[in-house]
Amino acid sequence: MPSPCLRGMMGGVDDTLLFDARARVLADLVARHQATPAAVSVLEDAVSDRKWWAEQWPEGAAYVAGLVAQDVQDALFETVGRWPICLSCDDAPVHALYIQPDLGGPDPMWVCEETGEPVAALGLLSSPGPAAPRG
Ligand SMILES: [Zn+2]
């Protein structure tokens, strides 16, 4: 029976996983100029919530990064609005990107809400997307 006094010592969760999730979501906040102190604080909260979650369900490791991204997206929607905005569609009204798979992983991708097309892997929004010919 694990004692609460041993928390931090018992968890089988690899902290690298949480650092990776945090780094990827932070990179995408920075990529879209949303890395405000408030957003980073939301991110820290999401990471610590998911750390607890991953401790309960170690097999869920593959989903952590995508779930953290979804948590931050939901929290920002309440305050600053949509993040991240799709920049791929020229003609559509402003719309967001969503994490696919919906479960958060494995291999979470940002997907356009309108077209369902993948835009970038989580953490890589700052990279030029797949070179779609324009015009
Ligand atoms: Zn779009």
# chains A, B, ... in the order shown; residues from 1 in each chain; ligands from 1
call {"tool": "residues_near_ligand", "arguments": {"ligand": "ligand 1", "cutoff": "9 Å", "atoms": "only C-alpha atoms and all ligand atoms", "output": "PyMOL selection string"}}
result
chain A and resi 85-97+111-117+119
call {"tool": "write_last_selection", "arguments": {"atoms": "C-alpha atoms", "output": "short mmCIF file (atom, residue, chain, number, x, y, z; two decimals), in the first residue's frame"}}
result
data_model
loop_
_atom_site.label_atom_id
_atom_site.label_comp_id
_atom_site.auth_asym_id
_atom_site.auth_seq_id
_atom_site.Cartn_x
_atom_site.Cartn_y
_atom_site.Cartn_z
CA ILE A 85 -5.65 29.20 -35.35
CA CYS A 86 -5.50 27.47 -38.71
CA LEU A 87 -3.30 29.43 -41.10
CA SER A 88 -3.66 26.99 -43.98
CA CYS A 89 -7.10 27.91 -45.23
CA ASP A 90 -7.26 31.24 -47.02
CA ASP A 91 -10.97 31.50 -47.67
CA ALA A 92 -12.56 30.08 -44.56
CA PRO A 93 -13.66 32.06 -41.50
CA VAL A 94 -11.22 31.92 -38.59
CA HIS A 95 -11.11 28.42 -37.22
CA ALA A 96 -8.94 26.33 -34.96
CA LEU A 97 -6.76 23.29 -35.21
CA VAL A 111 -5.57 18.91 -37.77
CA CYS A 112 -7.61 21.67 -39.45
CA GLU A 113 -11.15 21.92 -38.08
CA GLU A 114 -12.56 22.71 -41.52
CA THR A 115 -10.73 20.37 -43.86
CA GLY A 116 -9.59 17.65 -41.48
CA GLU A 117 -6.16 17.96 -43.07
CA VAL A 119 -1.16 20.69 -40.40
#
call {"tool": "residues_around", "arguments": {"residues": "Val47 in chain A", "least_positions_apart": "4", "cutoff": "7 Å", "atoms": "only C-alpha atoms", "output": "PDB file with C-alpha atoms, in the first residue's frame"}}
result
ATOM      1  CA  LEU A  18       5.970  15.270 -18.886  1.00  0.00           C
ATOM      2  CA  ARG A  22       5.334  20.561 -21.753  1.00  0.00           C
ATOM      3  CA  LEU A  43       0.165  24.711 -19.248  1.00  0.00           C
ATOM      4  CA  LYS A  51       1.205  13.650 -14.348  1.00  0.00           C
ATOM      5  CA  VAL A  68      -2.051  18.424 -22.287  1.00  0.00           C
TER       6      VAL A  68
END
call {"tool": "residues_around", "arguments": {"residues": "Arg24 in chain A", "least_positions_apart": "3", "cutoff": "6 Å", "atoms": "only C-alpha atoms", "output": "PyMOL selection string"}}
result
chain A and resi 21+27+123
call {"tool": "atom_distance", "arguments": {"atom1": "CA of Phe19 in chain A", "atom2": "CA of Asp74 in chain A"}}
result
20.3 Å
call {"tool": "residues_around", "arguments": {"residues": "Ala61 in chain A", "least_positions_apart": "3", "cutoff": "12 Å", "atoms": "only C-alpha atoms", "output": "ChimeraX atom specification"}}
result
/A:12-18,20-21,50-58,64-68,103-107
call {"tool": "select_by_dssp", "arguments": {"residues": "chain A", "states": "helix (DSSP H, G or I)", "output": "VMD selection string"}}
result
chain A and resid 4 to 6 15 to 31 37 to 56 58 to 79
